file input02.cif (mmCIF, C-alpha atoms and all ligand atoms)
data_my_file
#
loop_
_atom_site.group_PDB
_atom_site.id
_atom_site.type_symbol
_atom_site.label_atom_id
_atom_site.label_comp_id
_atom_site.auth_asym_id
_atom_site.auth_seq_id
_atom_site.Cartn_x
_atom_site.Cartn_y
_atom_site.Cartn_z
ATOM 1 C CA MET A 18 10.209 37.620 -17.762
ATOM 2 C CA LEU A 19 6.730 36.054 -17.674
ATOM 3 C CA LYS A 20 4.904 34.475 -20.575
ATOM 4 C CA LEU A 21 1.458 32.950 -20.367
ATOM 5 C CA GLN A 22 0.828 31.022 -23.570
ATOM 6 C CA ASN A 23 -2.682 29.846 -24.460
ATOM 7 C CA ILE A 24 -3.637 29.171 -20.859
ATOM 8 C CA GLN A 25 -6.968 27.427 -20.383
ATOM 9 C CA LYS A 26 -8.688 26.220 -17.244
ATOM 10 C CA VAL A 27 -12.111 24.626 -17.002
ATOM 11 C CA PHE A 28 -13.549 23.608 -13.643
ATOM 12 C CA ASN A 29 -15.928 20.649 -13.368
ATOM 13 C CA GLU A 30 -15.601 19.859 -17.056
ATOM 14 C CA GLY A 31 -18.399 17.788 -18.531
ATOM 15 C CA THR A 32 -20.749 18.380 -15.593
ATOM 16 C CA PRO A 33 -23.683 20.792 -15.244
ATOM 17 C CA ASP A 34 -21.338 22.954 -13.093
ATOM 18 C CA GLU A 35 -18.768 23.319 -15.870
ATOM 19 C CA LYS A 36 -17.054 26.695 -15.695
ATOM 20 C CA VAL A 37 -14.495 28.087 -18.119
ATOM 21 C CA ALA A 38 -12.418 30.083 -15.634
ATOM 22 C CA LEU A 39 -9.721 30.984 -18.175
ATOM 23 C CA GLY A 40 -10.429 30.920 -21.898
ATOM 24 C CA ASN A 41 -7.269 31.340 -23.875
ATOM 25 C CA ILE A 42 -4.986 33.645 -21.947
ATOM 26 C CA ASN A 43 -1.867 35.109 -23.523
ATOM 27 C CA LEU A 44 0.222 37.623 -21.646
ATOM 28 C CA HIS A 45 3.836 38.714 -21.861
ATOM 29 C CA LEU A 46 5.601 40.748 -19.171
ATOM 30 C CA LYS A 47 9.001 42.250 -19.900
ATOM 31 C CA PRO A 48 11.510 42.550 -17.037
ATOM 32 C CA GLY A 49 10.385 45.399 -14.768
ATOM 33 C CA ASP A 50 6.809 45.536 -16.073
ATOM 34 C CA PHE A 51 4.239 46.285 -13.363
ATOM 35 C CA VAL A 52 0.837 45.202 -14.623
ATOM 36 C CA THR A 53 -2.340 45.948 -12.697
ATOM 37 C CA ILE A 54 -5.322 43.655 -13.260
ATOM 38 C CA ILE A 55 -8.942 44.675 -12.879
ATOM 39 C CA GLY A 56 -12.074 42.759 -13.690
ATOM 40 C CA SER A 57 -15.539 41.865 -12.573
ATOM 41 C CA ASN A 58 -16.272 39.175 -9.999
ATOM 42 C CA GLY A 59 -15.545 35.718 -11.363
ATOM 43 C CA ALA A 60 -13.483 37.137 -14.250
ATOM 44 C CA GLY A 61 -10.643 34.656 -13.619
ATOM 45 C CA LYS A 62 -8.139 36.947 -11.883
ATOM 46 C CA SER A 63 -7.443 34.645 -8.915
ATOM 47 C CA THR A 64 -7.374 31.591 -11.158
ATOM 48 C CA MET A 65 -4.705 33.283 -13.271
ATOM 49 C CA MET A 66 -2.614 34.170 -10.214
ATOM 50 C CA ASN A 67 -2.985 30.605 -8.872
ATOM 51 C CA MET A 68 -1.929 29.268 -12.244
ATOM 52 C CA ILE A 69 1.267 31.350 -12.179
ATOM 53 C CA SER A 70 2.099 30.407 -8.586
ATOM 54 C CA GLY A 71 1.484 26.726 -9.313
ATOM 55 C CA ALA A 72 -1.450 26.344 -6.916
ATOM 56 C CA LEU A 73 -3.474 25.324 -9.996
ATOM 57 C CA THR A 74 -2.374 23.506 -13.149
ATOM 58 C CA PRO A 75 -3.624 24.660 -16.557
ATOM 59 C CA ASP A 76 -5.593 22.217 -18.699
ATOM 60 C CA PHE A 77 -3.734 23.589 -21.664
ATOM 61 C CA GLY A 78 -0.921 26.063 -22.261
ATOM 62 C CA ASN A 79 2.460 26.990 -20.870
ATOM 63 C CA ILE A 80 3.843 29.259 -18.200
ATOM 64 C CA ILE A 81 7.347 30.575 -18.785
ATOM 65 C CA ILE A 82 9.188 32.424 -16.024
ATOM 66 C CA ALA A 83 12.654 33.853 -16.692
ATOM 67 C CA ASN A 84 12.926 31.734 -19.855
ATOM 68 C CA LYS A 85 12.139 28.516 -17.981
ATOM 69 C CA ASP A 86 8.992 26.520 -18.664
ATOM 70 C CA VAL A 87 7.644 26.080 -15.129
ATOM 71 C CA THR A 88 4.316 24.525 -16.205
ATOM 72 C CA PRO A 89 5.151 21.075 -14.800
ATOM 73 C CA LEU A 90 6.686 22.406 -11.576
ATOM 74 C CA PRO A 91 4.646 22.137 -8.355
ATOM 75 C CA GLU A 92 4.028 25.235 -6.261
ATOM 76 C CA TYR A 93 6.866 24.649 -3.780
ATOM 77 C CA LYS A 94 9.412 24.385 -6.597
ATOM 78 C CA ARG A 95 8.132 27.544 -8.270
ATOM 79 C CA SER A 96 8.384 29.517 -5.041
ATOM 80 C CA GLN A 97 12.049 30.230 -5.770
ATOM 81 C CA TYR A 98 10.895 32.398 -8.705
ATOM 82 C CA ILE A 99 7.804 33.924 -7.148
ATOM 83 C CA GLY A 100 6.943 36.261 -4.286
ATOM 84 C CA ARG A 101 3.262 36.538 -3.405
ATOM 85 C CA VAL A 102 1.243 38.730 -1.061
ATOM 86 C CA PHE A 103 -2.359 37.805 -0.320
ATOM 87 C CA GLN A 104 -5.341 39.882 0.752
ATOM 88 C CA ASP A 105 -5.257 38.505 4.289
ATOM 89 C CA PRO A 106 -2.375 40.019 6.324
ATOM 90 C CA MET A 107 -2.362 36.765 8.336
ATOM 91 C CA ALA A 108 -1.580 34.674 5.247
ATOM 92 C CA GLY A 109 1.991 35.721 4.510
ATOM 93 C CA THR A 110 3.626 35.500 7.921
ATOM 94 C CA ALA A 111 3.921 33.090 10.854
ATOM 95 C CA PRO A 112 2.311 34.802 13.898
ATOM 96 C CA SER A 113 4.009 32.761 16.629
ATOM 97 C CA MET A 114 7.455 33.537 15.249
ATOM 98 C CA THR A 115 9.427 36.755 15.595
ATOM 99 C CA VAL A 116 10.026 39.341 12.891
ATOM 100 C CA GLU A 117 13.576 38.034 12.540
ATOM 101 C CA GLU A 118 12.489 34.385 12.295
ATOM 102 C CA ASN A 119 9.939 35.274 9.607
ATOM 103 C CA LEU A 120 12.579 37.058 7.558
ATOM 104 C CA ALA A 121 14.917 34.085 7.995
ATOM 105 C CA ILE A 122 12.235 31.859 6.442
ATOM 106 C CA ALA A 123 11.858 34.256 3.514
ATOM 107 C CA TYR A 124 15.616 34.297 3.094
ATOM 108 C CA SER A 125 16.019 30.516 3.182
ATOM 109 C CA ARG A 126 13.361 30.108 0.457
ATOM 110 C CA ASN A 127 15.741 31.493 -2.070
ATOM 111 C CA LYS A 128 19.253 31.611 -0.716
ATOM 112 C CA SER A 129 20.685 29.628 -3.612
ATOM 113 C CA ARG A 130 19.889 32.383 -6.065
ATOM 114 C CA THR A 131 20.409 35.742 -4.500
ATOM 115 C CA LEU A 132 21.181 37.079 -1.047
ATOM 116 C CA ARG A 133 24.378 36.006 0.563
ATOM 117 C CA PHE A 134 25.407 37.348 3.896
ATOM 118 C CA GLY A 135 28.829 38.942 3.581
ATOM 119 C CA VAL A 136 31.577 38.258 6.079
ATOM 120 C CA THR A 137 31.392 41.753 7.491
ATOM 121 C CA LYS A 138 27.632 42.086 7.645
ATOM 122 C CA ASN A 139 25.837 39.506 9.717
ATOM 123 C CA ARG A 140 22.331 38.271 9.081
ATOM 124 C CA ARG A 141 20.727 40.552 11.637
ATOM 125 C CA ASP A 142 22.262 43.626 9.982
ATOM 126 C CA VAL A 143 20.885 42.537 6.633
ATOM 127 C CA PHE A 144 17.415 42.116 8.150
ATOM 128 C CA ARG A 145 17.602 45.510 9.882
ATOM 129 C CA THR A 146 18.630 47.240 6.679
ATOM 130 C CA ALA A 147 15.781 45.556 4.815
ATOM 131 C CA LEU A 148 13.236 46.510 7.486
ATOM 132 C CA GLU A 149 14.346 50.158 7.400
ATOM 133 C CA ARG A 150 12.824 50.323 3.925
ATOM 134 C CA LEU A 151 9.365 49.997 5.482
ATOM 135 C CA HIS A 152 9.737 53.159 7.628
ATOM 136 C CA LEU A 153 7.784 51.422 10.428
ATOM 137 C CA ASN A 154 10.591 51.056 12.974
ATOM 138 C CA LEU A 155 10.375 47.266 12.675
ATOM 139 C CA GLU A 156 14.171 47.205 12.434
ATOM 140 C CA ASN A 157 14.153 47.847 16.183
ATOM 141 C CA ARG A 158 11.581 45.120 16.855
ATOM 142 C CA LEU A 159 13.355 42.075 15.459
ATOM 143 C CA SER A 160 12.378 39.977 18.502
ATOM 144 C CA ALA A 161 8.693 40.965 18.491
ATOM 145 C CA LYS A 162 6.220 38.191 17.741
ATOM 146 C CA VAL A 163 4.580 38.895 14.403
ATOM 147 C CA GLY A 164 1.141 38.049 15.847
ATOM 148 C CA LEU A 165 1.434 41.214 17.957
ATOM 149 C CA LEU A 166 1.943 43.525 14.975
ATOM 150 C CA SER A 167 -0.931 45.555 13.512
ATOM 151 C CA GLY A 168 -2.553 44.434 10.262
ATOM 152 C CA GLY A 169 -0.713 47.143 8.319
ATOM 153 C CA GLU A 170 2.650 46.270 9.875
ATOM 154 C CA ARG A 171 2.068 42.597 9.131
ATOM 155 C CA GLN A 172 1.143 43.287 5.543
ATOM 156 C CA ALA A 173 4.229 45.503 5.153
ATOM 157 C CA LEU A 174 6.333 42.635 6.512
ATOM 158 C CA SER A 175 4.609 40.203 4.103
ATOM 159 C CA LEU A 176 5.470 42.536 1.254
ATOM 160 C CA LEU A 177 9.078 42.763 2.360
ATOM 161 C CA MET A 178 9.298 38.967 2.742
ATOM 162 C CA ALA A 179 7.839 38.459 -0.731
ATOM 163 C CA THR A 180 10.332 40.860 -2.299
ATOM 164 C CA PHE A 181 13.337 40.178 -0.055
ATOM 165 C CA THR A 182 15.056 37.748 -2.386
ATOM 166 C CA GLN A 183 14.313 39.627 -5.603
ATOM 167 C CA PRO A 184 11.814 37.157 -7.097
ATOM 168 C CA SER A 185 11.477 36.909 -10.875
ATOM 169 C CA ILE A 186 7.760 37.622 -10.466
ATOM 170 C CA LEU A 187 5.887 39.387 -7.680
ATOM 171 C CA LEU A 188 2.183 38.516 -7.362
ATOM 172 C CA LEU A 189 0.011 40.938 -5.387
ATOM 173 C CA ASP A 190 -3.438 39.529 -4.818
ATOM 174 C CA GLU A 191 -5.702 42.381 -3.651
ATOM 175 C CA HIS A 192 -3.079 42.887 -0.980
ATOM 176 C CA THR A 193 -4.494 46.193 0.322
ATOM 177 C CA ALA A 194 -8.193 45.245 0.200
ATOM 178 C CA ALA A 195 -8.500 44.071 3.810
ATOM 179 C CA LEU A 196 -6.854 47.157 5.321
ATOM 180 C CA ASP A 197 -8.418 50.420 6.465
ATOM 181 C CA PRO A 198 -7.860 53.342 4.050
ATOM 182 C CA SER A 199 -4.795 54.827 5.778
ATOM 183 C CA ARG A 200 -3.032 51.472 6.067
ATOM 184 C CA ALA A 201 -4.032 50.599 2.518
ATOM 185 C CA GLU A 202 -2.409 53.847 1.402
ATOM 186 C CA LEU A 203 0.735 53.015 3.380
ATOM 187 C CA ILE A 204 1.017 49.585 1.746
ATOM 188 C CA THR A 205 0.288 51.094 -1.674
ATOM 189 C CA GLN A 206 3.136 53.570 -1.230
ATOM 190 C CA LEU A 207 5.493 50.851 0.001
ATOM 191 C CA THR A 208 4.553 48.694 -2.954
ATOM 192 C CA LYS A 209 5.393 51.517 -5.310
ATOM 193 C CA GLU A 210 8.752 52.111 -3.615
ATOM 194 C CA LEU A 211 9.867 48.480 -3.373
ATOM 195 C CA VAL A 212 8.770 47.559 -6.891
ATOM 196 C CA MET A 213 10.369 50.628 -8.453
ATOM 197 C CA GLN A 214 13.621 50.497 -6.474
ATOM 198 C CA ASP A 215 14.109 46.770 -7.106
ATOM 199 C CA LYS A 216 12.649 46.892 -10.655
ATOM 200 C CA LEU A 217 10.456 43.910 -9.857
ATOM 201 C CA THR A 218 8.293 42.365 -12.548
ATOM 202 C CA THR A 219 4.889 42.542 -10.907
ATOM 203 C CA LEU A 220 1.273 41.504 -11.403
ATOM 204 C CA MET A 221 -1.263 43.106 -9.066
ATOM 205 C CA VAL A 222 -4.957 42.254 -8.853
ATOM 206 C CA THR A 223 -7.115 45.014 -7.435
ATOM 207 C CA HIS A 224 -10.804 45.883 -7.306
ATOM 208 C CA ASN A 225 -9.844 49.507 -6.834
ATOM 209 C CA MET A 226 -9.761 51.113 -10.288
ATOM 210 C CA GLN A 227 -8.011 54.223 -9.051
ATOM 211 C CA GLN A 228 -5.251 52.092 -7.532
ATOM 212 C CA ALA A 229 -4.989 50.169 -10.811
ATOM 213 C CA LEU A 230 -4.536 53.465 -12.628
ATOM 214 C CA ASN A 231 -2.094 54.953 -10.098
ATOM 215 C CA LEU A 232 0.247 51.978 -9.919
ATOM 216 C CA GLY A 233 2.214 50.198 -12.585
ATOM 217 C CA ASN A 234 3.120 50.868 -16.203
ATOM 218 C CA ARG A 235 0.497 48.598 -17.829
ATOM 219 C CA LEU A 236 -3.070 47.557 -17.074
ATOM 220 C CA ILE A 237 -5.240 44.658 -18.148
ATOM 221 C CA MET A 238 -8.968 44.186 -17.760
ATOM 222 C CA MET A 239 -10.435 40.686 -17.498
ATOM 223 C CA ASP A 240 -13.989 39.478 -17.966
ATOM 224 C CA LYS A 241 -15.449 35.979 -18.161
ATOM 225 C CA GLY A 242 -12.091 34.236 -18.364
ATOM 226 C CA GLN A 243 -10.638 36.519 -21.028
ATOM 227 C CA ILE A 244 -8.269 39.482 -21.135
ATOM 228 C CA ILE A 245 -10.586 41.953 -22.850
ATOM 229 C CA LEU A 246 -8.407 45.062 -22.688
ATOM 230 C CA GLU A 247 -4.666 45.682 -22.520
ATOM 231 C CA VAL A 248 -3.492 49.222 -21.825
ATOM 232 C CA GLU A 249 0.130 49.786 -22.693
ATOM 233 C CA GLU A 250 2.692 52.077 -21.105
ATOM 234 C CA ALA A 251 2.210 55.106 -23.352
ATOM 235 C CA ARG A 252 -1.546 55.272 -22.830
ATOM 236 C CA LYS A 253 -1.859 54.321 -19.170
ATOM 237 C CA PRO A 254 -0.911 57.673 -17.563
ATOM 238 C CA HIS A 255 -3.727 59.395 -19.484
ATOM 239 C CA LEU A 256 -6.440 56.867 -18.664
ATOM 240 C CA THR A 257 -9.320 57.690 -16.276
ATOM 241 C CA ILE A 258 -11.980 55.589 -14.565
ATOM 242 C CA PRO A 259 -14.681 56.825 -17.014
ATOM 243 C CA ASP A 260 -12.365 55.751 -19.879
ATOM 244 C CA LEU A 261 -12.218 52.251 -18.408
ATOM 245 C CA MET A 262 -15.998 52.122 -18.022
ATOM 246 C CA THR A 263 -16.450 53.281 -21.618
ATOM 247 C CA GLU A 264 -13.930 50.726 -22.899
ATOM 248 C CA PHE A 265 -15.760 47.926 -21.074
ATOM 249 C CA GLU A 266 -19.089 49.037 -22.539
ATOM 250 C CA ARG A 267 -17.608 49.289 -26.018
ATOM 251 C CA ILE A 268 -16.052 45.816 -25.867
ATOM 252 C CA ARG A 269 -18.832 43.990 -24.058
ATOM 253 C CA GLY A 270 -21.841 45.972 -25.229
ATOM 254 C CA GLU A 271 -23.112 46.319 -21.657
ATOM 255 C CA LYS A 272 -22.367 48.427 -18.600
ATOM 256 C CA MET A 273 -19.785 47.214 -16.118
ATOM 257 C CA ALA A 274 -21.623 45.567 -13.253
ATOM 258 C CA SER A 275 -19.046 45.494 -10.479
ATOM 259 C CA ASP A 276 -19.933 48.014 -7.780
ATOM 260 C CA ARG A 277 -16.828 46.994 -5.844
ATOM 261 C CA ALA A 278 -14.715 48.092 -8.776
ATOM 262 C CA LEU A 279 -16.420 51.451 -8.908
ATOM 263 C CA LEU A 280 -16.399 52.136 -5.222
ATOM 264 C CA GLY A 281 -12.984 50.706 -4.440
HETATM 265 N N1 LIG B 301 -12.050 25.494 -7.514
HETATM 266 C C1 LIG B 301 -13.051 25.908 -8.291
HETATM 267 N N2 LIG B 301 -14.039 25.075 -8.647
HETATM 268 C C2 LIG B 301 -15.030 25.479 -9.446
HETATM 269 N N3 LIG B 301 -15.157 26.723 -9.957
HETATM 270 C C3 LIG B 301 -14.205 27.602 -9.629
HETATM 271 C C4 LIG B 301 -13.111 27.248 -8.779
HETATM 272 N N4 LIG B 301 -12.318 28.346 -8.629
HETATM 273 C C5 LIG B 301 -12.897 29.331 -9.353
HETATM 274 N N5 LIG B 301 -14.017 28.887 -9.948
HETATM 275 C C6 LIG B 301 -14.892 29.661 -10.839
HETATM 276 O O1 LIG B 301 -14.083 30.183 -11.886
HETATM 277 C C7 LIG B 301 -14.465 31.516 -12.202
HETATM 278 C C8 LIG B 301 -13.276 32.448 -12.022
HETATM 279 O O2 LIG B 301 -13.013 32.558 -10.632
HETATM 280 P P1 LIG B 301 -11.878 33.488 -10.016
HETATM 281 O O3 LIG B 301 -11.880 33.252 -8.549
HETATM 282 O O4 LIG B 301 -10.624 33.271 -10.742
HETATM 283 O O5 LIG B 301 -12.437 34.939 -10.364
HETATM 284 P P2 LIG B 301 -11.938 36.361 -9.849
HETATM 285 O O6 LIG B 301 -11.796 37.218 -11.035
HETATM 286 O O7 LIG B 301 -10.751 36.199 -8.966
HETATM 287 O O8 LIG B 301 -13.193 36.843 -9.012
HETATM 288 P P3 LIG B 301 -13.333 37.700 -7.660
HETATM 289 O O9 LIG B 301 -12.987 39.105 -8.039
HETATM 290 O O10 LIG B 301 -14.780 37.548 -7.345
HETATM 291 O O11 LIG B 301 -12.427 37.117 -6.636
HETATM 292 C C9 LIG B 301 -15.635 31.854 -11.275
HETATM 293 O O12 LIG B 301 -16.836 31.635 -11.972
HETATM 294 C C10 LIG B 301 -15.492 30.876 -10.138
HETATM 295 O O13 LIG B 301 -16.747 30.576 -9.560
#

call {"tool": "encode", "arguments": {"input": "input02.cif", "output": "structure tokens"}}
result
Amino acid sequence: MLKLQNIQKVFNEGTPDEKVALGNINLHLKPGDFVTIIGSNGAGKSTMMNMISGALTPDFGNIIIANKDVTPLPEYKRSQYIGRVFQDPMAGTAPSMTVEENLAIAYSRNKSRTLRFGVTKNRRDVFRTALERLHLNLENRLSAKVGLLSGGERQALSLLMATFTQPSILLLDEHTAALDPSRAELITQLTKELVMQDKLTTLMVTHNMQQALNLGNRLIMMDKGQIILEVEEARKPHLTIPDLMTEFERIRGEKMASDRALLG
């Protein structure tokens, strides 16, 4: 479903500020894979997500989504294949618009490919049914302005909007990091439910190692622009945080330095 082939990205090449953000990244996600990504600060996680979404172009390499080479496609053209939720609950929704209007935008992004409103079910019914999946009673608040929702409600709506049209790839970019622990837990649970029920192929960046272990069927660890560890489906359920620390030390020959990763 997603193939990253020899992806490289260097910022400020040929200057004293030159930075190899992604070395030579290769990654293959099968349909329905849910891969969690951990890594130290500056490891290249956001650069990789931006490369997949089309916000950044690789210097070298190819990005294949659903058997289509999307490397030359700009971000707006790739959005039909991709749903994305950012860390900031404000980023995924339009605050001055209502819940219904926001969902209509999400719907129109991809109407050619998936959802079609049947003759018997009107658009509002479809939105209500979708919102019921969040268990937040938003189905009865279709006319509420999104700016008035709590951070957790907004992030839940962002998640629903990103998954509404069954994207080929779902990108979750530390999407629970800005929430308090109870709301983060709510969004984590919703993520699990929506991804599993819809069998979405998903990549999730998190600084929270426990969350990376709890969610998904595969895990990758990045450091200094490289994928340094890939944990496959059979091994992941047995892995612990100390295992991850030991693996990092074994591969890199030094202790992992990210306190955020440990404390998350
Ligand atoms: N636009 C840019 N210009 C120059 N350097 C950049 C740019 N974007 C990222 N970098 C550098 O590339 C490297 C990878 O950054 P990236 O943001 O992908 O890391 P990350 O793993 O997401 O880190 P964090 O967990 O701290 O968000 C870092 O050294 C960063 O400073």

call {"tool": "axis_aligned_box", "arguments": {"input": "input02.cif", "around": "ligand LIG 301 (chain B)", "padding_each_side": "3 Å", "output": "lines of an AutoDock Vina configuration file"}}
result
center_x = -13.7
center_y = 32.1
center_z = -9.4
size_x = 12.2
size_y = 20.0
size_z = 11.6

call {"tool": "residues_near_ligand", "arguments": {"input": "input02.cif", "ligand": "ligand LIG 301 (chain B)", "cutoff": "10 Å", "atoms": "all atoms listed in the file", "output": "number ranges by chain"}}
result
A: 26-30, 34-39, 54-68, 73, 190-191, 222-224, 239-242, 275, 277-278

call {"tool": "atom_distance", "arguments": {"input": "input02.cif", "atom1": "atom CA of Thr263 of chain A", "atom2": "atom CA of Ala194 of chain A"}}
result
24.7 Å

call {"tool": "residues_near_point", "arguments": {"input": "input02.cif", "point": "(-2.6, 56.4, -17.4)", "cutoff": "10 Å", "atoms": "only C-alpha atoms", "output": "list in words"}}
result
Ala229, Leu230, Asn231, Leu232, Gly233, Asn234, Arg235, Leu236, Val248, Glu249, Glu250, Ala251, Arg252, Lys253, Pro254, His255, Leu256, Thr257 and Ile258 of chain A

call {"tool": "closest_residue", "arguments": {"input": "input02.cif", "among": "A:Glu118, A:Glu271, A:Asp86, A:Glu247", "to": "Lys162 of chain A", "atoms": "only C-alpha atoms"}}
result
A:Glu118

call {"tool": "residues_around", "arguments": {"input": "input02.cif", "residues": "Ala147 of chain A", "least_positions_apart": "5", "cutoff": "8 Å", "atoms": "only C-alpha atoms", "output": "MDAnalysis selection string"}}
result
chainID A and resid 156 177 181

call {"tool": "residues_around", "arguments": {"input": "input02.cif", "residues": "Asn119 of chain A", "least_positions_apart": "5", "cutoff": "9 Å", "atoms": "only C-alpha atoms", "output": "JSON, numbers by chain"}}
result
{"A": [110, 111, 112, 114, 124, 163, 174, 178]}

call {"tool": "resolve_selection", "arguments": {"input": "input02.cif", "expression": "the PyMOL selection byres (((chain A and resi 89) around 9) and not hetatm)", "output": "list in words"}}
result
Gly71, Thr74, Asn79, Ile80, Asp86, Val87, Thr88, Leu90 and Pro91 of chain A

call {"tool": "residues_near_point", "arguments": {"input": "input02.cif", "point": "(4.7, 45.8, -17.3)", "cutoff": "7 Å", "atoms": "all atoms listed in the file", "output": "PyMOL selection string"}}
result
chain A and resi 46-47+49-52+218+233-235

call {"tool": "residues_around", "arguments": {"input": "input02.cif", "residues": "Phe103 of chain A", "least_positions_apart": "6", "cutoff": "9 Å", "atoms": "all atoms listed in the file", "output": "ChimeraX atom specification"}}
result
/A:109,172,175,188-193

call {"tool": "closest_residue", "arguments": {"input": "input02.cif", "among": "A:Leu151, A:Lys272, A:Asp215, A:Ser167", "to": "Asp197 of chain A", "atoms": "all atoms listed in the file"}}
result
A:Ser167

call {"tool": "build_atoms", "arguments": {"input": "input02.cif", "residues": "segment 190-208 of chain A", "atoms": "N, CA and C atoms", "output": "mmCIF file, in the coordinates of the input"}}
result
data_model
loop_
_atom_site.group_PDB
_atom_site.id
_atom_site.type_symbol
_atom_site.label_atom_id
_atom_site.label_comp_id
_atom_site.auth_asym_id
_atom_site.auth_seq_id
_atom_site.Cartn_x
_atom_site.Cartn_y
_atom_site.Cartn_z
ATOM 1 N N ASP A 190 -2.079 40.012 -4.637
ATOM 2 C CA ASP A 190 -3.438 39.529 -4.818
ATOM 3 C C ASP A 190 -4.401 40.333 -3.943
ATOM 4 N N GLU A 191 -4.844 41.465 -4.432
ATOM 5 C CA GLU A 191 -5.702 42.381 -3.651
ATOM 6 C C GLU A 191 -5.088 42.621 -2.261
ATOM 7 N N HIS A 192 -3.816 42.910 -2.243
ATOM 8 C CA HIS A 192 -3.079 42.887 -0.980
ATOM 9 C C HIS A 192 -3.350 44.090 -0.077
ATOM 10 N N THR A 193 -4.138 45.075 -0.574
ATOM 11 C CA THR A 193 -4.494 46.193 0.322
ATOM 12 C C THR A 193 -5.988 46.181 0.660
ATOM 13 N N ALA A 194 -6.723 45.197 0.116
ATOM 14 C CA ALA A 194 -8.193 45.245 0.200
ATOM 15 C C ALA A 194 -8.730 45.054 1.627
ATOM 16 N N ALA A 195 -7.974 44.353 2.472
ATOM 17 C CA ALA A 195 -8.500 44.071 3.810
ATOM 18 C C ALA A 195 -8.062 45.121 4.839
ATOM 19 N N LEU A 196 -7.398 46.161 4.383
ATOM 20 C CA LEU A 196 -6.854 47.157 5.321
ATOM 21 C C LEU A 196 -7.713 48.415 5.336
ATOM 22 N N ASP A 197 -7.681 49.155 6.452
ATOM 23 C CA ASP A 197 -8.418 50.420 6.465
ATOM 24 C C ASP A 197 -7.713 51.400 5.523
ATOM 25 N N PRO A 198 -8.412 52.492 5.118
ATOM 26 C CA PRO A 198 -7.860 53.342 4.050
ATOM 27 C C PRO A 198 -6.448 53.866 4.318
ATOM 28 N N SER A 199 -6.132 54.255 5.566
ATOM 29 C CA SER A 199 -4.795 54.827 5.778
ATOM 30 C C SER A 199 -3.720 53.752 5.673
ATOM 31 N N ARG A 200 -4.020 52.559 6.187
ATOM 32 C CA ARG A 200 -3.032 51.472 6.067
ATOM 33 C C ARG A 200 -2.920 50.997 4.624
ATOM 34 N N ALA A 201 -4.069 50.995 3.934
ATOM 35 C CA ALA A 201 -4.032 50.599 2.518
ATOM 36 C C ALA A 201 -3.134 51.557 1.739
ATOM 37 N N GLU A 202 -3.229 52.839 2.076
ATOM 38 C CA GLU A 202 -2.409 53.847 1.402
ATOM 39 C C GLU A 202 -0.923 53.620 1.709
ATOM 40 N N LEU A 203 -0.653 53.300 2.983
ATOM 41 C CA LEU A 203 0.735 53.015 3.380
ATOM 42 C C LEU A 203 1.303 51.846 2.569
ATOM 43 N N ILE A 204 0.535 50.774 2.476
ATOM 44 C CA ILE A 204 1.017 49.585 1.746
ATOM 45 C C ILE A 204 1.128 49.891 0.247
ATOM 46 N N THR A 205 0.207 50.707 -0.259
ATOM 47 C CA THR A 205 0.288 51.094 -1.674
ATOM 48 C C THR A 205 1.579 51.850 -1.945
ATOM 49 N N GLN A 206 1.898 52.792 -1.060
ATOM 50 C CA GLN A 206 3.136 53.570 -1.230
ATOM 51 C C GLN A 206 4.371 52.677 -1.140
ATOM 52 N N LEU A 207 4.349 51.767 -0.150
ATOM 53 C CA LEU A 207 5.493 50.851 0.001
ATOM 54 C C LEU A 207 5.649 49.966 -1.226
ATOM 55 N N THR A 208 4.523 49.537 -1.754
ATOM 56 C CA THR A 208 4.553 48.694 -2.954
ATOM 57 C C THR A 208 5.244 49.442 -4.086
#
